[in-house]
There are 2 protein chains.
Amino acid sequence: MKIALAQNNYIIGDFDHNVGRICDSIEKSKRSGAGLVVFAELSVCGYPPRDFLEFGDFISRCGKAVDAIAKSCHGITAIVGAPSVNPSLKGKPLYNTAFFLADGKVAARAHKTLLPNYDVFDEYRYFEPNRLPYQLTGYLGYNIAMTICEDLWNISDDPLYVRDPAEELAALHPDLIINIAASPFHYNQYRDRRDILKRNATKYALPVVYVNQVGGQTELLFDGDSMALSPGGEVVLNLERFREDLQIVELKALLNPVSQHEQENQTIAGIHDALVMGIRDYFHKMGFSRAILGLSGGIDSAVTLALAVKALGKENVLSLLLPSRYSSGHSIEDARKICETLGSACEVISIEEAFRTFESTLRPLFGDLPADVTEENIQARIRAVILMAAANKYGYILLNTSNKSEAAVGYGTLYGDMCGGISVLGDVYKTQIYDLAAFINREREVIPENTILKPPSAELRPGQKDSDSLPGYEILDRILVEYIEHRKGPDELIRAGFDPSLVRRVLRMVNMNEWKRHQTPPILRISPKAFGTGRRMPIVARYLS
Amino acid sequence: MKIALAQNNYIIGDFDHNVGRICDSIEKSKRSGAGLVVFAELSVCGYPPRDFLEFGDFISRCGKAVDAIAKSCHGITAIVGAPSVNPSLKGKPLYNTAFFLADGKVAARAHKTLLPNYDVFDEYRYFEPNRLPYQLTGYLGYNIAMTICEDLWNISDDPLYVRDPAEELAALHPDLIINIAASPFHYNQYRDRRDILKRNATKYALPVVYVNQVGGQTELLFDGDSMALSPGGEVVLNLERFREDLQIVELKALLNPVSQHEQENQTIAGIHDALVMGIRDYFHKMGFSRAILGLSGGIDSAVTLALAVKALGKENVLSLLLPSRYSSGHSIEDARKICETLGSACEVISIEEAFRTFESTLRPLFGDLPADVTEENIQARIRAVILMAAANKYGYILLNTSNKSEAAVGYGTLYGDMCGGISVLGDVYKTQIYDLAAFINREREVIPENTILKPPSAELRPGQKDSDSLPGYEILDRILVEYIEHRKGPDELIRAGFDPSLVRRVLRMVNMNEWKRHQTPPILRISPKAFGTGRRMPIVARYLS
């Protein structure tokens with residue numbers, strides 16, 4: 001039996017596009033002699049559809065799309081994912097379902113049992129878990145255990161769910177496990193996903209076919225990484241990451257593997273590729289092609305520019321250099337240099353006149369009060385007015401260039417440098433941005449050496465350096481990872497050896513700035529715990545603040 | 001048996017404050033001869049604690065706070081709400097628990113079974129539903145069924161959950177039902193809450209004691225409305241809404257009610273009181289006292305000002321009038337007039353000079369291109385720069401004055417009039433704002449008549465009216481309510497008689513502007529479906545757009 005793994009890039013709610021991609025893959029699989037072709041979880045509507053699932057109209061379009069796909073299943077069988085209506089009056093109105101399509105119709109269904117409802121996942125908001133007895137799906141004399149993503153993830157010693165569908169299905173003696181998934185990238189996910197799939201294969205001594213979606217869905221970045229494993233846990237087939245792919249595996253080759261074909265992983269390359277894909281898909285799926293950004297001469301905007309040029313093409317990115325009276329000469333030089341290296345356009349517009357005008361406009365209100373953070377924010381906001389004006393006039397989308405370290409501690413101006421349609425680096429700590437710069441520079445110097453070496457500065461007052469207001473990024477980032485990613489409390493951090501007053505200061509800065517982060521653009525997610533939909537903190541609160 | 005209902009205003013994560021409020025109420029109840037005092041759901045940490053629940057440190061502080069409260073329970077018994085640790089390795093790590101505190105210690109516990117996970121609720125993100133056999137809690141010879149909020153809400157013909165804890169508890173023959181709740185206000189909640197409580201009382205022929213929290217928690221507005229009902233469903237005792245209250249009821253009086261004492265409800269008064277409480281608690285709990293807003297002469301900012309003055313005091317609100325070359329003379333007059341009526345300060349700052357400077361700064365980039373929406377946005381953004389500068393310099397918080405109708409269709413400038421720390425009217429449709437204005441003017445003219453009567457205009461280009469770009473608000477709001485609140489699709493709306501092209505245009509506008517709404521401030525929630533945490537839409541998508 002030949003099984004095709006179809007790893008496609010879906011657009012949420014675009015049924016024409018999704019059905020088109022699925023039917024294309026069905027045709028291709030058929031031509032290649034596959035008898036069964038497998039698609040990702042909720043492939044018919046794209047994942048995550050979020051509250052579109054609450055609209056009867058949306059659900060009915062999903063049903064029609066499944067029927068349309070079924071009609072193209074002659075001489076080939078397909079497994080697709082879509083929501084389906086829970087016929088019982090009791091419980092949530094929907095199931096998250098794998099549809100087994102054969103001979104022009106829906107031949108079988110399997111509903112998802114384990115509904116992830118943590119971090120970025122909200123599935124229990126919409127779906128009833130499967131409570132029906134499990135059944136295997138027969139196909140050409142083989143018995144298939146159809147599972148959906150999380151259904152295989154309850155295999156730890158500290159399981160999140162009381163029921164284990166994989167174990168219950170394995171007890172029915174299937175010939176293979178198929179798992180359709182929508183499993184987004186983060187920098188540990190390559191390892192975690194393999195670990196889970198290998199543990200399932202070896203625990204049940206069964207081959208596993210795993211199909212994930214690929215592509216950026218706003219902040220969520222799906223790397224694909226679909227694969228087929230032998231009962232011994234060897235990865236016999238592994239699809240390309242970060243792009244659409246379709247490959248075929250013989251069930252026999254899974255049962256008697258002669259060689260392994262596994263994609264390589266390198267953390268920083270994965271982050272790089274995920275961000276490039278995230279920018280590209282944000283623009284293309286929104287129907288935009290051109291980006292604008294403010295280029296300061298610092299490392300964050302330089303890395304953002306390099307990623308944007310990679311994603312959209314050098315002719316589709318415009319950099320504005322927006323110097324103030326406090327900008328150093330080298331900032332303009334460094335900024336110009338990267339644009340020259342990349343062959344991408346830049347313009348220089350001084351904010352001095354606008355800054356002076358605001359000083360004079362505000363004089364009746366401010367009198368002779370000394371300059372403070374107000375004047376720093378005014379400069380950042382003037383830059384935002386100019387960037388947004390250029391974006392509005394010419395149809396650019398503004399890229400936000402803030403990093404995760406400054407977003408964490410609130411070191412940024414709301415409605416100023418925190419603006420943008422999408423935040424490229426908002427899930428990348430400052431210390432990781434240096435690694436990204438080195439990766440971008442691996443073959444030739446794209447990010448100027450001076451940009452990398454000079455001390456970070458917002459240049460909003462004379463001689464300002466980030467280190468005037470913040471701890472060094474090496475120590476700051478370590479505390480932030482422990483607090484944000486690992487949810488360590490103050491006592492644990494102090495016991496781990498961090499300075500008590502620094503710990504309290506950093507945690508307080510993080511917690512006091514929820515209101516600011518609430519208004520930032522979506523952030524491309526590359527870590528297990530990004531700011532945004534996966535981290536939901538009260539704004540008005542008094543905890544560690 | 002005398003039961004005290006203690007309806008307090010908690011601060012999320014502020015254990016000192018919350019334990020203080022609870023222990024005060026315990027003392028008061030004891031002095032009034034009550035044997036049992038009941039507090040709200042998660043009263044110990046405040047509701048909703050959101051992802052604070054993922055921090056071991058936070059959970060351990062909750063446990064210590066419960067122990068501290070228990071120590072003050074001598075000669076009186078208390079029921080408080082707090083998270084507790086699920087001792088099983090399987091399932092989510094926490095329960096949402098009612099603690100029965102007597103003789104200085106935890107004497108009994110009941111865990112919540114039904115975990116709301118829709119709209120603004122995310123409880124299955126954190127909590128394992130109770131799967132233990134139900135038990136009644138004995139107290140002075142009475143058997144109490146302790147339930148938590150949603151546990152009583154599965155009583156409809158189309159229940160959301162497969163299990164019904166109220167029914168299972170009732171089968172154990174309790175003497176009364178106690179329900180501790182965290183049930184936020186929306187304009188139908190007064191009716192829905194009574195309906196549910198009365199149906200439980202009468203179905204099981206049992207008295208029901210219901211205690212809700214009160215106060216604003218960022219966008220969620222808890223009206224309190226705690227009450228005690230007879231087995232016949234009569235509301236024998238009803239606490240004040242929108243403020244802290246403590247009242248005592250005799251169980252005998254519930255069993256043999258002689259009279260009903262129910263708070264009145266009037267939709268628009270409820271919305272008014274909820275918004276005033278929401279502003280007040282946002283400021284006070286954040287540690288701020290003073291608000292600033294841009295006053296345009298239009299009805300939205302006028303109503304916002306009136307509500308802010310009511311919430312914070314006239315001396316704590318500053319209005320900036322920010323006229324441009326397109327502002328009409330009456331706008332300034334109308335704006336000045338309401339400030340005079342309210343006795344609240346205002347300042348006039350022209351944005352003309354700043355606007356001219358941006359025109360000249362941008363000329364090298366824009367050349368002779370004609371003015372378009374870019375220049376309209378620049379004006380709105382200059383106003384934001386000025387308002388935020390004043391806020392930064394003097395420690396004001398900016399109030400956002402946008403309404404729900406314009407937020408829905410994207411009629412507003414991101415980083416311009418969409419700025420603010422909190423959105424006061426972002427859940428109030430334009431047509432409801434006229435009702436609010438009439439309510440505010442019920443005793444004397446606060447909102448000037450001309451502000452109410454003139455056609456709405458953004459005044460960003462000569463002679464501009466909202467009706468140039470939008471359908472009339474009467475028809476627009478009706479479509480929006482059907483689409484947003486009732487999740488009707490295009491076909492249903494057209495079948496209901498709305499013009500097909502208008503329906504498609506409005507739905508497209510709503511869906512195309514998710515990216516803008518993603519970056520707006522928290523919106524005080526007064527409807528069953530507000531923009532914000534209760535409505536989670538994909539940003540990059542193509543559905544009805």
# chains A, B, ... in the order shown; residues from 1 in each chain; ligands from 1

$ select_by_dssp --residues "stretch 364-410 of chain B" --states "strand (DSSP E)" --output "PyMOL selection string"
chain B and resi 397-400

$ write_last_selection --atoms "all heavy atoms" --output "PDB file, in the first residue's frame"
ATOM      1  N   ILE B 397      -3.982  58.963  32.515  1.00  0.00           N
ATOM      2  CA  ILE B 397      -4.237  57.817  31.639  1.00  0.00           C
ATOM      3  C   ILE B 397      -5.226  58.271  30.571  1.00  0.00           C
ATOM      4  O   ILE B 397      -6.246  58.905  30.882  1.00  0.00           O
ATOM      5  CB  ILE B 397      -4.821  56.634  32.435  1.00  0.00           C
ATOM      6  CG1 ILE B 397      -3.786  56.125  33.446  1.00  0.00           C
ATOM      7  CG2 ILE B 397      -5.262  55.503  31.504  1.00  0.00           C
ATOM      8  CD1 ILE B 397      -2.554  55.501  32.848  1.00  0.00           C
ATOM      9  N   LEU B 398      -4.897  57.944  29.320  1.00  0.00           N
ATOM     10  CA  LEU B 398      -5.757  58.364  28.212  1.00  0.00           C
ATOM     11  C   LEU B 398      -6.981  57.451  28.108  1.00  0.00           C
ATOM     12  O   LEU B 398      -6.848  56.223  28.044  1.00  0.00           O
ATOM     13  CB  LEU B 398      -4.955  58.313  26.900  1.00  0.00           C
ATOM     14  CG  LEU B 398      -5.723  58.617  25.615  1.00  0.00           C
ATOM     15  CD1 LEU B 398      -6.314  60.023  25.626  1.00  0.00           C
ATOM     16  CD2 LEU B 398      -4.819  58.424  24.391  1.00  0.00           C
ATOM     17  N   LEU B 399      -8.155  58.062  28.068  1.00  0.00           N
ATOM     18  CA  LEU B 399      -9.387  57.303  27.831  1.00  0.00           C
ATOM     19  C   LEU B 399      -9.659  57.255  26.337  1.00  0.00           C
ATOM     20  O   LEU B 399      -9.664  58.289  25.663  1.00  0.00           O
ATOM     21  CB  LEU B 399     -10.575  57.970  28.535  1.00  0.00           C
ATOM     22  CG  LEU B 399     -10.550  57.950  30.059  1.00  0.00           C
ATOM     23  CD1 LEU B 399     -11.757  58.709  30.601  1.00  0.00           C
ATOM     24  CD2 LEU B 399     -10.550  56.512  30.580  1.00  0.00           C
ATOM     25  N   ASN B 400      -9.913  56.054  25.842  1.00  0.00           N
ATOM     26  CA  ASN B 400     -10.317  55.910  24.456  1.00  0.00           C
ATOM     27  C   ASN B 400     -11.816  56.170  24.345  1.00  0.00           C
ATOM     28  O   ASN B 400     -12.591  55.759  25.210  1.00  0.00           O
ATOM     29  CB  ASN B 400      -9.978  54.497  23.977  1.00  0.00           C
ATOM     30  CG  ASN B 400     -10.469  54.249  22.575  1.00  0.00           C
ATOM     31  OD1 ASN B 400     -11.655  54.050  22.350  1.00  0.00           O
ATOM     32  ND2 ASN B 400      -9.562  54.262  21.627  1.00  0.00           N
TER      33      ASN B 400
END

$ closest_atom_pairs --of "chain B" --to "chain A" --cutoff "6 Å" --atoms "only C-alpha atoms" --output "Markdown table"
| residue | atom | partner | partner_atom | distance |
| --- | --- | --- | --- | --- |
| B:Ile12 | CA | A:Ala541 | CA | 4.7 |
| B:Gly13 | CA | A:Tyr543 | CA | 4.7 |
| B:Asp14 | CA | A:Arg542 | CA | 5.1 |
| B:Arg50 | CA | A:Met537 | CA | 5.6 |
| B:Asp51 | CA | A:Met537 | CA | 5.4 |
| B:Phe55 | CA | A:Arg487 | CA | 5.4 |
| B:Asp57 | CA | A:Gly489 | CA | 5.2 |
| B:Leu89 | CA | A:Asp158 | CA | 5.4 |
| B:Lys90 | CA | A:Pro159 | CA | 5.1 |
| B:Gly91 | CA | A:Leu160 | CA | 4.3 |
| B:Lys92 | CA | A:Leu160 | CA | 5.5 |
| B:Asn117 | CA | A:Arg125 | CA | 5.0 |
| B:Tyr118 | CA | A:Arg125 | CA | 5.2 |
| B:Arg125 | CA | A:Asn117 | CA | 5.1 |
| B:Asp158 | CA | A:Leu89 | CA | 5.3 |
| B:Pro159 | CA | A:Lys90 | CA | 5.1 |
| B:Leu160 | CA | A:Gly91 | CA | 4.3 |
| B:Tyr161 | CA | A:Gly91 | CA | 4.3 |
| B:Val162 | CA | A:Gly91 | CA | 5.3 |
| B:Thr218 | CA | A:Val540 | CA | 5.4 |
| B:Met286 | CA | A:Val540 | CA | 5.9 |
| B:Ala354 | CA | A:Thr357 | CA | 5.9 |
| B:Thr357 | CA | A:Ala354 | CA | 5.9 |
| B:Thr374 | CA | A:Asn392 | CA | 5.4 |
| B:Ala389 | CA | A:Thr374 | CA | 5.6 |
| B:Asn392 | CA | A:Thr374 | CA | 5.4 |
| B:Lys393 | CA | A:Thr374 | CA | 5.7 |
| B:Tyr415 | CA | A:Tyr415 | CA | 5.4 |
| B:Arg487 | CA | A:Phe55 | CA | 5.4 |
| B:Gly489 | CA | A:Asp57 | CA | 5.2 |
| B:Gln519 | CA | A:Gln519 | CA | 4.3 |
| B:Thr520 | CA | A:Gln519 | CA | 5.6 |
| B:Arg536 | CA | A:Asp51 | CA | 5.5 |
| B:Met537 | CA | A:Asp51 | CA | 5.4 |
| B:Val540 | CA | A:Thr218 | CA | 5.4 |
| B:Ala541 | CA | A:Ile12 | CA | 4.8 |
| B:Arg542 | CA | A:Asp14 | CA | 5.1 |
| B:Tyr543 | CA | A:Gly13 | CA | 4.7 |

$ write_last_selection --atoms "C-alpha atoms" --output "PDB file, in the first residue's frame"
ATOM      1  CA  ILE B  12      -6.340  40.021  41.230  1.00  0.00           C
ATOM      2  CA  GLY B  13      -3.149  38.742  42.835  1.00  0.00           C
ATOM      3  CA  ASP B  14      -3.299  41.186  45.751  1.00  0.00           C
ATOM      4  CA  ARG B  50      -5.681  33.954  34.054  1.00  0.00           C
ATOM      5  CA  ASP B  51      -2.143  32.626  33.523  1.00  0.00           C
ATOM      6  CA  PHE B  55       2.868  29.906  38.427  1.00  0.00           C
ATOM      7  CA  ASP B  57       4.425  30.653  43.385  1.00  0.00           C
ATOM      8  CA  LEU B  89      -0.865  12.775  38.278  1.00  0.00           C
ATOM      9  CA  LYS B  90      -3.511  12.590  35.568  1.00  0.00           C
ATOM     10  CA  GLY B  91      -5.337  15.624  34.256  1.00  0.00           C
ATOM     11  CA  LYS B  92      -4.846  19.359  34.677  1.00  0.00           C
ATOM     12  CA  ASN B 117     -14.618  27.795  28.245  1.00  0.00           C
ATOM     13  CA  TYR B 118     -16.415  30.147  25.871  1.00  0.00           C
ATOM     14  CA  ARG B 125      -7.126  26.086  30.339  1.00  0.00           C
ATOM     15  CA  ASP B 158     -29.627  22.071  25.127  1.00  0.00           C
ATOM     16  CA  PRO B 159     -27.039  21.616  27.879  1.00  0.00           C
ATOM     17  CA  LEU B 160     -23.413  22.504  27.133  1.00  0.00           C
ATOM     18  CA  TYR B 161     -22.078  19.727  29.366  1.00  0.00           C
ATOM     19  CA  VAL B 162     -22.807  16.022  29.521  1.00  0.00           C
ATOM     20  CA  THR B 218      -9.910  45.287  33.477  1.00  0.00           C
ATOM     21  CA  MET B 286      -3.858  50.374  38.688  1.00  0.00           C
ATOM     22  CA  ALA B 354       2.049  70.004  13.552  1.00  0.00           C
ATOM     23  CA  THR B 357       5.099  70.338   9.550  1.00  0.00           C
ATOM     24  CA  THR B 374      -3.219  59.288   4.753  1.00  0.00           C
ATOM     25  CA  ALA B 389       2.557  63.528  25.730  1.00  0.00           C
ATOM     26  CA  ASN B 392       3.220  61.001  30.089  1.00  0.00           C
ATOM     27  CA  LYS B 393       4.195  64.401  31.462  1.00  0.00           C
ATOM     28  CA  TYR B 415      -2.383  54.835  16.770  1.00  0.00           C
ATOM     29  CA  ARG B 487     -23.362  35.008  14.846  1.00  0.00           C
ATOM     30  CA  GLY B 489     -24.233  34.414   8.504  1.00  0.00           C
ATOM     31  CA  GLN B 519      -4.171  46.486  18.783  1.00  0.00           C
ATOM     32  CA  THR B 520      -6.860  48.419  20.653  1.00  0.00           C
ATOM     33  CA  ARG B 536     -11.204  35.540  19.049  1.00  0.00           C
ATOM     34  CA  MET B 537     -10.982  35.856  15.328  1.00  0.00           C
ATOM     35  CA  VAL B 540      -4.933  36.516   8.507  1.00  0.00           C
ATOM     36  CA  ALA B 541      -7.939  34.805   6.916  1.00  0.00           C
ATOM     37  CA  ARG B 542     -10.321  35.002   3.997  1.00  0.00           C
ATOM     38  CA  TYR B 543     -13.847  34.419   5.183  1.00  0.00           C
TER      39      TYR B 543
END

$ closest_residue --among "B:His272, B:Lys314, B:Arg505, B:Arg495" --to "B:Phe439" --atoms "only C-alpha atoms"
B:His272

$ residues_around --residues "A:Glu234" --least-positions-apart "6" --cutoff "8 Å" --atoms "only C-alpha atoms" --output "PyMOL selection string"
chain A and resi 198+257+260

$ write_last_selection --atoms "N, CA and C atoms" --output "CSV table (one decimal), in the first residue's frame"
chain,number,residue,atom,x,y,z
A,198,LYS,N,8.1,8.9,18.1
A,198,LYS,CA,8.9,7.7,18.3
A,198,LYS,C,8.4,6.9,19.5
A,257,PRO,N,12.3,-1.1,7.4
A,257,PRO,CA,13.0,0.0,6.9
A,257,PRO,C,14.5,-0.3,6.6
A,260,GLN,N,17.1,5.6,6.9
A,260,GLN,CA,16.4,6.7,7.5
A,260,GLN,C,16.6,7.9,6.7

$ residues_around --residues "A:Phe498" --least-positions-apart "5" --cutoff "8 Å" --atoms "only C-alpha atoms" --output "PyMOL selection string"
chain A and resi 479+493+503

$ write_last_selection --atoms "N, CA, C and O atoms" --output "mmCIF file, in the first residue's frame"
data_model
loop_
_atom_site.group_PDB
_atom_site.id
_atom_site.type_symbol
_atom_site.label_atom_id
_atom_site.label_comp_id
_atom_site.auth_asym_id
_atom_site.auth_seq_id
_atom_site.Cartn_x
_atom_site.Cartn_y
_atom_site.Cartn_z
ATOM 1 N N ILE A 479 17.002 35.647 33.231
ATOM 2 C CA ILE A 479 15.873 35.774 34.181
ATOM 3 C C ILE A 479 14.541 35.701 33.431
ATOM 4 O O ILE A 479 13.604 35.023 33.868
ATOM 5 N N LEU A 493 13.862 31.714 41.634
ATOM 6 C CA LEU A 493 14.926 32.413 40.905
ATOM 7 C C LEU A 493 16.052 32.802 41.849
ATOM 8 O O LEU A 493 17.231 32.674 41.520
ATOM 9 N N VAL A 503 15.989 40.278 40.622
ATOM 10 C CA VAL A 503 14.842 39.417 40.318
ATOM 11 C C VAL A 503 13.541 40.182 40.531
ATOM 12 O O VAL A 503 12.664 40.216 39.670
#

$ residues_around --residues "B:Leu239" --least-positions-apart "6" --cutoff "9 Å" --atoms "only C-alpha atoms" --output "PyMOL selection string"
chain B and resi 5+7+224-227+245-247+262-263

$ closest_residue --among "B:Ser319, B:Gln213, B:Ser467, B:Ser501" --to "B:Leu387" --atoms "only C-alpha atoms"
B:Ser319

$ closest_residue --among "B:Leu176, B:Ile26, B:Val258, B:Ala166" --to "B:Ala102" --atoms "only C-alpha atoms"
B:Ile26

$ residues_around --residues "B:Lys203" --least-positions-apart "6" --cutoff "10 Å" --atoms "only C-alpha atoms" --output "ChimeraX atom specification"
/B:155,167,170,197,231-233

$ write_last_selection --atoms "all heavy atoms" --output "mmCIF file, in the first residue's frame"
data_model
loop_
_atom_site.group_PDB
_atom_site.id
_atom_site.type_symbol
_atom_site.label_atom_id
_atom_site.label_comp_id
_atom_site.auth_asym_id
_atom_site.auth_seq_id
_atom_site.Cartn_x
_atom_site.Cartn_y
_atom_site.Cartn_z
ATOM 1 N N ILE B 155 -28.835 23.760 33.049
ATOM 2 C CA ILE B 155 -30.249 23.427 33.264
ATOM 3 C C ILE B 155 -31.108 23.644 32.017
ATOM 4 O O ILE B 155 -32.307 23.445 32.050
ATOM 5 C CB ILE B 155 -30.759 24.215 34.507
ATOM 6 C CG1 ILE B 155 -32.008 23.565 35.104
ATOM 7 C CG2 ILE B 155 -30.977 25.685 34.177
ATOM 8 C CD1 ILE B 155 -32.335 24.054 36.510
ATOM 9 N N GLU B 167 -27.998 18.337 39.511
ATOM 10 C CA GLU B 167 -28.912 17.205 39.599
ATOM 11 C C GLU B 167 -28.336 16.108 40.500
ATOM 12 O O GLU B 167 -29.042 15.536 41.330
ATOM 13 C CB GLU B 167 -29.146 16.660 38.194
ATOM 14 C CG GLU B 167 -30.423 15.882 38.067
ATOM 15 C CD GLU B 167 -30.882 15.820 36.617
ATOM 16 O OE1 GLU B 167 -30.246 15.074 35.830
ATOM 17 O OE2 GLU B 167 -31.839 16.538 36.255
ATOM 18 N N ALA B 170 -28.525 17.273 44.066
ATOM 19 C CA ALA B 170 -29.916 17.314 44.554
ATOM 20 C C ALA B 170 -30.389 15.917 44.941
ATOM 21 O O ALA B 170 -31.177 15.755 45.886
ATOM 22 C CB ALA B 170 -30.827 17.926 43.495
ATOM 23 N N LEU B 197 -31.119 30.883 38.389
ATOM 24 C CA LEU B 197 -31.214 30.631 39.831
ATOM 25 C C LEU B 197 -32.621 30.212 40.221
ATOM 26 O O LEU B 197 -32.816 29.293 41.026
ATOM 27 C CB LEU B 197 -30.756 31.862 40.624
ATOM 28 C CG LEU B 197 -29.270 32.214 40.465
ATOM 29 C CD1 LEU B 197 -28.954 33.540 41.170
ATOM 30 C CD2 LEU B 197 -28.379 31.090 41.008
ATOM 31 N N PRO B 231 -37.299 28.238 48.014
ATOM 32 C CA PRO B 231 -37.538 27.063 47.155
ATOM 33 C C PRO B 231 -38.584 27.346 46.075
ATOM 34 O O PRO B 231 -38.644 26.632 45.082
ATOM 35 C CB PRO B 231 -38.041 25.998 48.136
ATOM 36 C CG PRO B 231 -37.518 26.436 49.476
ATOM 37 C CD PRO B 231 -37.513 27.929 49.446
ATOM 38 N N GLY B 232 -39.383 28.378 46.274
ATOM 39 C CA GLY B 232 -40.355 28.752 45.252
ATOM 40 C C GLY B 232 -39.764 29.679 44.201
ATOM 41 O O GLY B 232 -40.467 30.122 43.290
ATOM 42 N N GLY B 233 -38.486 30.030 44.343
ATOM 43 C CA GLY B 233 -37.844 30.895 43.358
ATOM 44 C C GLY B 233 -38.026 32.379 43.638
ATOM 45 O O GLY B 233 -37.703 33.220 42.790
#

$ select_by_dssp --residues "stretch 71-242 of chain A" --states "alpha helix (DSSP H)" --output "MDAnalysis selection string"
chainID A and resid 71 165:170 189:204
